[in-house]
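As provided, query17.csv (CSV, C-alpha atoms) reads as follows.
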```csv
chain,number,residue,atom,x,y,z
A,1,MET,CA,12.3,33.8,-4.4
A,2,THR,CA,14.3,30.6,-4.6
A,3,LYS,CA,14.3,28.2,-1.6
A,4,ILE,CA,16.9,25.5,-1.3
A,5,ALA,CA,17.5,22.7,1.2
A,6,ILE,CA,21.1,21.8,1.8
A,7,ILE,CA,21.5,18.2,3.1
A,8,GLY,CA,24.0,15.4,3.5
A,9,SER,CA,26.1,13.8,6.1
A,10,GLU,CA,27.7,15.7,9.1
A,11,LYS,CA,31.2,15.7,7.4
A,12,SER,CA,30.0,16.6,3.9
A,13,GLY,CA,30.8,20.3,4.3
A,14,LYS,CA,27.1,21.3,3.9
A,15,THR,CA,27.0,23.8,6.8
A,16,THR,CA,30.2,25.5,5.6
A,17,LEU,CA,28.6,25.8,2.1
A,18,ALA,CA,25.3,27.1,3.5
A,19,GLY,CA,27.2,29.9,5.2
A,20,LYS,CA,28.6,31.0,1.8
A,21,LEU,CA,25.1,31.0,0.3
A,22,GLY,CA,23.6,33.6,2.6
A,23,LYS,CA,23.6,35.4,5.9
A,24,LYS,CA,22.8,33.2,8.9
A,25,GLY,CA,19.3,33.8,10.4
A,26,ASN,CA,17.0,31.8,12.6
A,27,VAL,CA,18.4,28.6,14.2
A,28,THR,CA,16.3,25.7,15.5
A,29,ASP,CA,16.7,22.2,14.3
A,30,VAL,CA,17.0,23.8,10.9
A,31,THR,CA,19.1,26.9,10.2
A,32,MET,CA,18.0,29.6,7.7
A,33,TYR,CA,20.4,31.6,5.6
A,34,ASP,CA,19.2,34.6,3.5
A,35,TYR,CA,20.8,36.1,0.4
A,36,ALA,CA,19.5,39.1,-1.6
A,37,LYS,CA,21.1,40.9,-4.6
A,38,ASN,CA,19.1,43.0,-7.0
A,39,ASP,CA,16.0,40.9,-7.8
A,40,SER,CA,17.7,37.6,-6.8
A,41,ILE,CA,16.5,36.3,-3.4
A,42,LEU,CA,17.7,33.0,-2.0
A,43,THR,CA,16.7,31.2,1.2
A,44,THR,CA,18.9,28.3,2.2
A,45,ILE,CA,17.7,25.8,4.8
A,46,ASP,CA,20.3,23.6,6.4
A,47,ALA,CA,18.9,20.5,8.2
A,48,THR,CA,21.3,21.0,11.1
A,49,GLY,CA,19.3,18.6,13.4
A,50,TYR,CA,19.9,15.7,11.0
A,51,PRO,CA,21.0,12.9,11.4
A,52,VAL,CA,20.2,12.8,15.1
A,53,SER,CA,16.5,13.2,14.0
A,54,VAL,CA,15.0,12.7,10.6
A,55,LYS,CA,12.4,15.4,11.2
A,56,PRO,CA,14.7,18.3,10.3
A,57,LEU,CA,15.5,16.7,7.0
A,58,ILE,CA,11.8,16.3,6.2
A,59,THR,CA,11.2,19.9,7.3
A,60,ALA,CA,14.0,21.4,5.2
A,61,LEU,CA,12.9,19.5,2.1
A,62,ASN,CA,9.2,20.5,2.5
A,63,LEU,CA,10.1,24.2,3.0
A,64,SER,CA,12.2,24.3,-0.2
A,65,ASP,CA,12.0,23.9,-3.9
A,66,ILE,CA,15.5,22.7,-4.7
A,67,ALA,CA,17.7,20.3,-2.8
A,68,LEU,CA,21.5,20.4,-2.7
A,69,LEU,CA,22.8,16.9,-1.8
A,70,CYS,CA,26.4,17.4,-0.6
A,71,ILE,CA,28.8,14.4,-1.1
A,72,PRO,CA,32.5,14.7,0.0
A,73,PRO,CA,35.4,12.9,-1.7
A,74,GLU,CA,35.0,9.9,0.5
A,75,GLY,CA,31.7,9.2,-1.2
A,76,LEU,CA,28.4,7.9,0.2
A,77,ASP,CA,28.1,7.1,3.9
A,78,PRO,CA,24.9,5.8,5.6
A,79,GLN,CA,23.6,9.3,6.2
A,80,ALA,CA,24.0,10.4,2.6
A,81,ALA,CA,22.4,7.1,1.4
A,82,GLU,CA,19.5,7.8,3.7
A,83,CYS,CA,19.1,11.3,2.2
A,84,ILE,CA,18.9,9.7,-1.3
A,85,ILE,CA,16.2,7.3,-0.2
A,86,ALA,CA,14.2,10.1,1.4
A,87,LEU,CA,14.5,12.2,-1.8
A,88,ASP,CA,13.3,9.3,-3.9
A,89,LEU,CA,10.4,8.4,-1.6
A,90,MET,CA,9.3,12.1,-1.7
A,91,GLN,CA,9.9,12.1,-5.5
A,92,TYR,CA,11.8,15.3,-5.1
A,93,LYS,CA,11.8,16.9,-8.5
A,94,HIS,CA,14.6,19.5,-8.5
A,95,GLY,CA,18.1,19.2,-7.1
A,96,ILE,CA,21.9,19.4,-7.5
A,97,VAL,CA,24.4,16.8,-6.3
A,98,VAL,CA,27.3,19.0,-5.0
A,99,LEU,CA,30.6,17.2,-4.8
A,100,THR,CA,32.2,19.1,-1.9
A,101,LYS,CA,35.9,19.5,-0.9
A,102,ALA,CA,36.9,19.1,-4.5
A,103,ASP,CA,40.3,20.7,-3.6
A,104,ALA,CA,41.0,17.8,-1.3
A,105,THR,CA,41.1,15.3,-4.1
A,106,TYR,CA,42.1,14.8,-7.7
A,107,PRO,CA,40.0,15.7,-10.8
A,108,PHE,CA,39.9,12.1,-12.0
A,109,ALA,CA,38.7,11.0,-8.5
A,110,VAL,CA,35.8,13.6,-8.7
A,111,ASP,CA,34.9,12.2,-12.1
A,112,GLU,CA,34.9,8.6,-10.8
A,113,LEU,CA,32.7,9.6,-7.8
A,114,LYS,CA,30.3,11.4,-10.1
A,115,ALA,CA,30.0,8.2,-12.3
A,116,LYS,CA,29.5,6.0,-9.3
A,117,LEU,CA,26.7,8.3,-7.9
A,118,GLN,CA,25.0,8.5,-11.3
A,119,ASN,CA,25.0,4.7,-11.4
A,120,ILE,CA,23.6,4.4,-7.8
A,121,THR,CA,20.8,7.0,-8.4
A,122,LYS,CA,19.7,5.5,-11.8
A,123,GLY,CA,16.0,5.0,-11.7
A,124,THR,CA,15.5,7.3,-8.7
A,125,ALA,CA,14.2,10.9,-8.4
A,126,LEU,CA,17.9,12.0,-8.6
A,127,GLU,CA,18.6,10.3,-12.0
A,128,ASN,CA,18.6,13.6,-14.0
A,129,TRP,CA,20.0,16.0,-11.4
A,130,ASP,CA,22.9,18.2,-12.3
A,131,TYR,CA,26.4,17.8,-10.7
A,132,MET,CA,28.7,20.5,-9.4
A,133,SER,CA,32.1,20.4,-7.9
A,134,ILE,CA,32.9,22.9,-5.1
A,135,SER,CA,36.0,23.7,-3.1
A,136,THR,CA,35.1,24.2,0.5
A,137,THR,CA,38.3,26.1,1.2
A,138,SER,CA,38.8,28.4,-1.7
A,139,PHE,CA,35.1,28.1,-2.7
A,140,GLU,CA,36.0,27.8,-6.4
A,141,GLY,CA,32.8,27.1,-8.2
A,142,MET,CA,30.5,29.0,-5.9
A,143,GLU,CA,29.4,31.6,-8.5
A,144,GLU,CA,28.6,28.8,-11.0
A,145,LEU,CA,26.6,27.0,-8.3
A,146,LYS,CA,24.6,30.1,-7.6
A,147,ALA,CA,23.9,30.6,-11.3
A,148,LEU,CA,22.7,27.0,-11.6
A,149,ILE,CA,20.5,27.4,-8.5
A,150,PHE,CA,18.8,30.5,-9.9
A,151,GLU,CA,18.4,28.9,-13.4
A,152,ILE,CA,16.6,25.9,-11.8
A,153,GLY,CA,14.7,28.4,-9.6
A,154,ALA,CA,13.3,30.1,-12.7
A,155,LYS,CA,11.9,26.7,-13.9
A,156,VAL,CA,10.4,26.2,-10.5
A,157,ASP,CA,8.7,29.7,-10.7
A,158,GLU,CA,7.1,28.7,-14.0
A,159,GLU,CA,5.7,25.5,-12.5
A,160,GLN,CA,4.4,27.3,-9.4
A,161,ARG,CA,2.5,29.9,-11.5
A,162,GLU,CA,0.3,27.0,-12.6
A,163,LEU,CA,-0.7,26.5,-9.0
A,164,ASP,CA,-1.6,30.1,-8.2
A,165,GLY,CA,-5.3,29.6,-9.0
A,166,LEU,CA,-5.8,26.7,-6.6
A,167,SER,CA,-7.3,27.0,-3.1
A,168,PRO,CA,-4.7,28.7,-0.9
A,169,ARG,CA,-2.7,26.6,1.6
A,170,ILE,CA,0.2,27.7,3.8
A,171,MET,CA,2.6,25.4,5.7
A,172,ILE,CA,3.6,27.0,9.0
A,173,ASP,CA,7.1,26.5,10.4
A,174,GLN,CA,7.3,29.2,13.1
A,175,SER,CA,4.8,31.0,15.4
A,176,PHE,CA,5.3,33.8,17.9
A,177,ASN,CA,3.7,36.8,19.5
A,178,VAL,CA,4.8,40.4,18.6
A,179,THR,CA,3.8,43.2,20.9
A,180,GLY,CA,1.2,45.5,19.4
A,181,ILE,CA,0.6,43.1,16.5
A,182,GLY,CA,-0.3,39.8,18.1
A,183,CYS,CA,0.1,36.4,16.4
A,184,VAL,CA,2.8,36.2,13.7
A,185,VAL,CA,3.6,33.1,11.7
A,186,LEU,CA,6.3,32.2,9.2
A,187,GLY,CA,5.7,29.7,6.4
A,188,VAL,CA,5.5,28.8,2.8
A,189,VAL,CA,2.6,29.2,0.4
A,190,ASP,CA,2.2,25.6,-0.7
A,191,GLN,CA,-0.4,26.4,-3.3
A,192,GLY,CA,-2.8,29.2,-4.4
A,193,THR,CA,-2.5,32.9,-3.7
A,194,ILE,CA,-3.1,34.6,-0.4
A,195,ASN,CA,-4.4,38.1,0.2
A,196,ILE,CA,-4.8,40.5,3.1
A,197,LYS,CA,-8.2,40.1,4.8
A,198,ASP,CA,-8.5,36.5,3.6
A,199,LYS,CA,-10.5,34.4,6.1
A,200,MET,CA,-8.9,31.0,6.6
A,201,ILE,CA,-8.7,28.1,9.1
A,202,ALA,CA,-5.7,26.8,11.1
A,203,TYR,CA,-5.6,23.0,10.9
A,204,PRO,CA,-5.7,20.5,12.6
A,205,THR,CA,-7.3,22.6,15.4
A,206,LYS,CA,-9.8,24.1,13.0
A,207,LYS,CA,-9.5,27.6,14.5
A,208,GLU,CA,-10.8,30.4,12.2
A,209,LEU,CA,-8.5,33.4,11.5
A,210,GLU,CA,-8.0,36.4,9.2
A,211,ILE,CA,-4.8,37.4,7.5
A,212,ARG,CA,-4.1,40.9,8.8
A,213,SER,CA,-0.9,41.6,6.9
A,214,ILE,CA,1.7,39.8,4.7
A,215,GLN,CA,5.4,40.3,4.4
A,216,MET,CA,7.8,38.8,1.8
A,217,HIS,CA,11.5,39.1,2.7
A,218,ASP,CA,10.6,41.9,5.2
A,219,VAL,CA,8.6,43.9,2.6
A,220,ASP,CA,4.9,44.5,3.1
A,221,VAL,CA,2.8,43.1,0.2
A,222,LYS,CA,-1.0,42.8,-0.4
A,223,SER,CA,-0.8,39.2,-1.8
A,224,ALA,CA,1.6,36.3,-2.1
A,225,PRO,CA,1.7,33.5,-4.7
A,226,THR,CA,2.5,29.8,-4.6
A,227,GLY,CA,6.1,29.2,-3.4
A,228,ALA,CA,6.5,32.5,-1.5
A,229,ARG,CA,8.1,32.4,1.9
A,230,VAL,CA,5.9,34.7,4.0
A,231,GLY,CA,5.4,36.3,7.4
A,232,LEU,CA,1.8,36.7,8.3
A,233,ALA,CA,0.1,38.7,11.0
A,234,LEU,CA,-3.0,36.8,12.0
A,235,LYS,CA,-6.3,38.0,13.5
A,236,GLY,CA,-8.5,35.8,15.6
A,237,ILE,CA,-5.9,33.4,16.8
A,238,GLN,CA,-3.1,33.4,19.4
A,239,SER,CA,0.5,32.2,18.8
A,240,LYS,CA,0.0,29.4,21.4
A,241,ASP,CA,-2.8,28.0,19.3
A,242,ILE,CA,-0.7,27.5,16.2
A,243,ASP,CA,2.7,25.7,15.8
A,244,ARG,CA,5.2,24.3,13.3
A,245,GLY,CA,3.4,21.8,11.1
A,246,PHE,CA,0.1,23.5,11.2
A,247,VAL,CA,-1.6,24.2,7.8
A,248,VAL,CA,-3.5,27.4,7.2
A,249,SER,CA,-6.1,26.6,4.5
A,250,LYS,CA,-9.8,26.7,3.5
A,251,GLU,CA,-10.4,23.0,3.9
A,252,GLU,CA,-8.4,20.0,5.1
A,253,THR,CA,-9.1,16.5,6.2
A,254,VAL,CA,-8.2,15.9,9.8
A,255,ALA,CA,-7.6,12.4,11.2
A,256,THR,CA,-5.6,10.2,13.6
A,257,ASP,CA,-6.1,7.0,11.7
A,258,PHE,CA,-5.2,6.3,8.0
A,259,VAL,CA,-5.6,3.8,5.3
A,260,LEU,CA,-2.8,4.3,2.8
A,261,SER,CA,-1.8,2.7,-0.5
A,262,CYS,CA,1.9,2.3,0.1
A,263,ARG,CA,5.1,1.3,-1.7
A,264,VAL,CA,7.9,0.0,0.4
A,265,SER,CA,11.4,1.2,-0.6
A,266,PRO,CA,13.5,-1.6,-2.1
A,267,LEU,CA,16.3,-0.6,0.3
A,268,ALA,CA,14.1,-0.8,3.5
A,269,LYS,CA,13.8,-3.8,5.8
A,270,SER,CA,10.6,-5.8,6.1
A,271,PHE,CA,8.1,-4.7,8.8
A,272,ASN,CA,5.1,-6.4,10.4
A,273,ALA,CA,1.6,-5.9,11.6
A,274,ASN,CA,1.5,-4.2,15.1
A,275,ASP,CA,4.9,-2.6,14.5
A,276,MET,CA,5.2,1.1,15.5
A,277,LEU,CA,6.2,3.5,12.7
A,278,HIS,CA,6.4,7.2,12.3
A,279,LEU,CA,4.3,9.0,9.7
A,280,TYR,CA,5.2,12.4,8.1
A,281,VAL,CA,3.1,14.6,5.9
A,282,GLY,CA,4.2,18.1,5.1
A,283,LEU,CA,5.8,19.4,8.4
A,284,GLN,CA,3.5,17.2,10.5
A,285,SER,CA,4.5,13.9,12.1
A,286,SER,CA,2.9,11.3,14.3
A,287,PRO,CA,3.7,7.8,15.7
A,288,VAL,CA,1.3,5.2,14.2
A,289,ARG,CA,0.8,1.5,14.8
A,290,ILE,CA,0.2,-0.9,11.8
A,291,VAL,CA,-3.2,-2.4,12.4
A,292,GLU,CA,-3.4,-4.3,9.2
A,293,ILE,CA,-1.3,-5.1,6.1
A,294,THR,CA,-3.2,-6.0,2.9
A,295,GLU,CA,-1.6,-7.3,-0.4
A,296,GLY,CA,-3.8,-7.9,-3.4
A,297,GLY,CA,-6.9,-8.0,-1.2
A,298,ASN,CA,-5.4,-10.5,1.2
A,299,THR,CA,-4.3,-9.8,4.8
A,300,VAL,CA,-0.6,-10.6,5.4
A,301,GLU,CA,1.6,-10.3,8.4
A,302,THR,CA,4.7,-8.8,6.7
A,303,ALA,CA,5.4,-6.0,4.2
A,304,ASN,CA,8.5,-6.7,2.2
A,305,PRO,CA,10.9,-4.3,0.3
A,306,GLY,CA,9.9,-3.2,-3.2
A,307,LYS,CA,6.3,-4.2,-3.0
A,308,GLU,CA,3.0,-2.4,-2.7
A,309,TYR,CA,0.5,-2.8,0.1
A,310,THR,CA,-2.5,-1.2,1.7
A,311,LEU,CA,-1.7,-0.2,5.3
A,312,LYS,CA,-4.2,0.5,8.0
A,313,LEU,CA,-2.6,2.8,10.5
A,314,GLU,CA,-3.7,3.9,14.0
A,315,GLY,CA,-2.4,7.0,15.7
A,316,THR,CA,-3.2,9.3,18.6
A,317,LYS,CA,-2.3,12.7,17.1
A,318,GLU,CA,-4.5,14.7,14.7
A,319,ILE,CA,-3.0,15.3,11.3
A,320,SER,CA,-4.4,17.5,8.6
A,321,TYR,CA,-3.9,16.7,4.9
A,322,THR,CA,-5.5,16.8,1.4
A,323,LYS,CA,-6.1,14.0,-1.1
A,324,THR,CA,-2.9,14.8,-3.1
A,325,ASP,CA,-0.5,14.8,-0.1
A,326,ARG,CA,2.3,12.2,0.0
A,327,PHE,CA,2.8,10.4,3.3
A,328,ILE,CA,6.3,9.2,4.2
A,329,LEU,CA,6.8,6.3,6.7
A,330,SER,CA,9.9,5.7,8.8
A,331,ASN,CA,11.1,3.2,11.3
A,332,LEU,CA,13.1,5.1,13.8
A,333,ASP,CA,14.6,1.9,15.3
A,334,GLU,CA,16.4,1.0,12.0
A,335,LYS,CA,19.8,2.3,10.8
A,336,GLN,CA,18.2,3.3,7.5
A,337,ARG,CA,15.0,4.9,8.8
A,338,PHE,CA,12.9,5.8,5.7
A,339,ILE,CA,10.9,2.8,4.6
A,340,ALA,CA,7.8,3.7,2.4
A,341,TYR,CA,5.6,6.4,0.9
A,342,GLY,CA,1.9,6.3,0.4
A,343,HIS,CA,-1.3,8.2,-0.5
A,344,GLU,CA,-4.8,8.1,1.1
A,345,GLN,CA,-6.8,5.2,-0.4
```
What do you get writing this file as C-alpha cells?
Amino acid sequence: MTKIAIIGSEKSGKTTLAGKLGKKGNVTDVTMYDYAKNDSILTTIDATGYPVSVKPLITALNLSDIALLCIPPEGLDPQAAECIIALDLMQYKHGIVVLTKADATYPFAVDELKAKLQNITKGTALENWDYMSISTTSFEGMEELKALIFEIGAKVDEEQRELDGLSPRIMIDQSFNVTGIGCVVLGVVDQGTINIKDKMIAYPTKKELEIRSIQMHDVDVKSAPTGARVGLALKGIQSKDIDRGFVVSKEETVATDFVLSCRVSPLAKSFNANDMLHLYVGLQSSPVRIVEITEGGNTVETANPGKEYTLKLEGTKEISYTKTDRFILSNLDEKQRFIAYGHEQ
C-alpha cells in the first residue's frame, strides 16, 4: 500500500489532481481518496483544511510516505513556501514536485520554473526530489505520475520492512463506534508488526486494550506490518476514550512539559522567552509557553533564525512520544508559521 499526501496552495490544482488519483472517501480537515487496481493500492490524503490551519498539513504528512508538492505556473506563493519549510523541518524523505496546470503555460516557462524551484530547495529535504509536469484539464502525464508514485512506493516498502521487528506503534486518526463490534479506529502502523489478540495501550490516557480484528483496505487480515493503513476493532476501550492523535503502543513517554534540543529555521522570525508557540509530534499538538532559552549553556532571551538552542517548554495537554520522535514548533501568529524542529534532550 502506497500512501501520499498532496499539498500546496489553494490555487495549485491539488484537489483536482487528488480527485484523479482515487475515489473520494472520508472528509474531515483532510480528505481521503482510494485507488486499487490489481495489487496496486494507493491512498491519497489531501490537506483540505490547510492553509486556514497548519494541523491538516501536519496530519496529512504524518499519515503518508510520499508527498506531492503542487506548484502552479505562477510559481511559489506564501503557502507553497510554508509547505517547503514544513517538509524541510520534518526532513521528509520521499516526494515529487508536481508542476500543475502545465497546459496553461509554455514548455520553456515550465523548465524555467523547475530550475528556479531546484535552486530554492537546494540544501533542503526536497533537493533530490523528482519533478513532474501535469495538465489539470486534459490530465496529460497522469499515468507517468502514478508510475513514479508506485516506483517510489516500492522503495518505501523496502525501508519499512526494516522496521517490522520493532515494538509496534500505531498513529490513530479516526475513532468511532460500530454496532455489534464496539470501538473501531483507523490509523497507520508507524513501526513494528501488529497481530490479532495483541495487548497494547492507548496513549496518552494509558488505557489498556486488545486488538480484536484487523482490516487492510476492507480485507480481514491476521497481522499488519509497518506502513499499513489499518482499521482495528478494539476490546477493552470505548470510542470516546480514544481520538485522533492517540498512539496505540506498548510503551510511550507522556508529558506536558518538554526540554528540546532545537534548530530554528533560517526562514523563521526570532522568538523570545515567554512567547506562546504550538508544538506538534505525530498527529498530536499542544500550545506551549517558552520558559527558558539556552544557547551554549547560557540563558538568552531571544532565539534567532538558523541557530541551535535548548528550549524549556511548558504546556497543559498530555502528549505521548518516544525518544526518536521529531517535534515541530510553530508560531500561529506569524505569516510563515513553522519555525523550528527539535528532539527530546
Practice problem: Do a neighbour search on Gln336 in chain A at 9 Å with all atoms listed in the file, toss out local chain neighbours closer than 6 positions, and write the hits as a VMD selection string. | Solution: chain A and resid 78 to 79 81 to 82 85 267 to 269 330
Mind writing the picked residues with C-alpha atoms as an mmCIF file, in the coordinates of the input?
```cif
data_model
loop_
_atom_site.group_PDB
_atom_site.id
_atom_site.type_symbol
_atom_site.label_atom_id
_atom_site.label_comp_id
_atom_site.auth_asym_id
_atom_site.auth_seq_id
_atom_site.Cartn_x
_atom_site.Cartn_y
_atom_site.Cartn_z
ATOM 1 C CA PRO A 78 24.900 5.800 5.600
ATOM 2 C CA GLN A 79 23.600 9.300 6.200
ATOM 3 C CA ALA A 81 22.400 7.100 1.400
ATOM 4 C CA GLU A 82 19.500 7.800 3.700
ATOM 5 C CA ILE A 85 16.200 7.300 -0.200
ATOM 6 C CA LEU A 267 16.300 -0.600 0.300
ATOM 7 C CA ALA A 268 14.100 -0.800 3.500
ATOM 8 C CA LYS A 269 13.800 -3.800 5.800
ATOM 9 C CA SER A 330 9.900 5.700 8.800
#
```
Self-check item: Contacts of range 210-225 of chain A within 9 Å, all atoms listed in the file, excl. fewer than 5 positions in-chain, as a ChimeraX atom specification
Solution: /A:1,34,41,160-161,163-164,168,189-201,230-237
Practice problem: Fewer than 3 positions away in the same chain doesn't count, so skip those; otherwise give me all residues within 12 Å of Arg289 in chain A, counting only C-alpha atoms, as a PyMOL selection string. | Solution: chain A and resi 256-259+271-279+286+292-293+311-317+329-331
Quiz prompt | Residues within 12 Å of Ala115 in chain A, all atoms listed in the file, excluding chain neighbours under 4 positions, as a ChimeraX atom specification | solution = /A:75,97,99,108-111,119-122,127,131
Residue subset to file, keeping C-alpha atoms, as an mmCIF file, keeping the file's coordinate frame:
```
data_model
loop_
_atom_site.group_PDB
_atom_site.id
_atom_site.type_symbol
_atom_site.label_atom_id
_atom_site.label_comp_id
_atom_site.auth_asym_id
_atom_site.auth_seq_id
_atom_site.Cartn_x
_atom_site.Cartn_y
_atom_site.Cartn_z
ATOM 1 C CA GLY A 75 31.700 9.200 -1.200
ATOM 2 C CA VAL A 97 24.400 16.800 -6.300
ATOM 3 C CA LEU A 99 30.600 17.200 -4.800
ATOM 4 C CA PHE A 108 39.900 12.100 -12.000
ATOM 5 C CA ALA A 109 38.700 11.000 -8.500
ATOM 6 C CA VAL A 110 35.800 13.600 -8.700
ATOM 7 C CA ASP A 111 34.900 12.200 -12.100
ATOM 8 C CA ASN A 119 25.000 4.700 -11.400
ATOM 9 C CA ILE A 120 23.600 4.400 -7.800
ATOM 10 C CA THR A 121 20.800 7.000 -8.400
ATOM 11 C CA LYS A 122 19.700 5.500 -11.800
ATOM 12 C CA GLU A 127 18.600 10.300 -12.000
ATOM 13 C CA TYR A 131 26.400 17.800 -10.700
#
```
Quiz item: Expressed in Å to a single decimal, how great is the separation between CA of Gly153 in chain A and CA of Glu112 in chain A?
Solution: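 Computing the Euclidean distance for CA of Gly153 in chain A and CA of Glu112 in chain A yields 28.3 Å.
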Quiz item: Suppose you want the space between CA of Glu251 in chain A and CA of Thr322 in chain A; what is it in Å?
Solution: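 Computed distance, CA of Glu251 in chain A to CA of Thr322 in chain A, equals 8.3 Å.
The spacing separating CA of Val178 in chain A from CA of Leu209 in chain A amounts to 16.6 Å.
Minimum atom-to-atom distances from A:Lys55, A:Arg244, A:Lys23, A:Lys101 to Lys11 in chain A were compared using only C-alpha atoms, and the lowest value belongs to A:Lys101.
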Quiz prompt | Proximity to Ile66 in chain A - best of A:Glu295, A:Asp103, A:Asp157, A:Asp241, all atoms listed in the file | solution =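 Counting all atoms listed in the file, the residue closest to Ile66 in chain A is A:Asp157.
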Exercise. Pick out the closest residue to Lys114 in chain A from this set: A:Asn26, A:Asn38, A:Thr100, A:Thr310. Count only C-alpha atoms.
Key: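 Of all the options, A:Thr100 lies closest to Lys114 in chain A.
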Quiz item: Restricting the calculation to only C-alpha atoms, which member of A:Gly297, A:Pro305, A:Gly165, A:Gly95 is positioned closest to Phe150 in chain A?
Solution: A:Gly95
Quiz prompt | Selection: 12 Å around Val254 in chain A, only C-alpha atoms, excl. self and same-chain fewer than 2 positions, as a PyMOL selection string | solution = chain A and resi 202-206+246-247+251-252+256-258+284+317-323
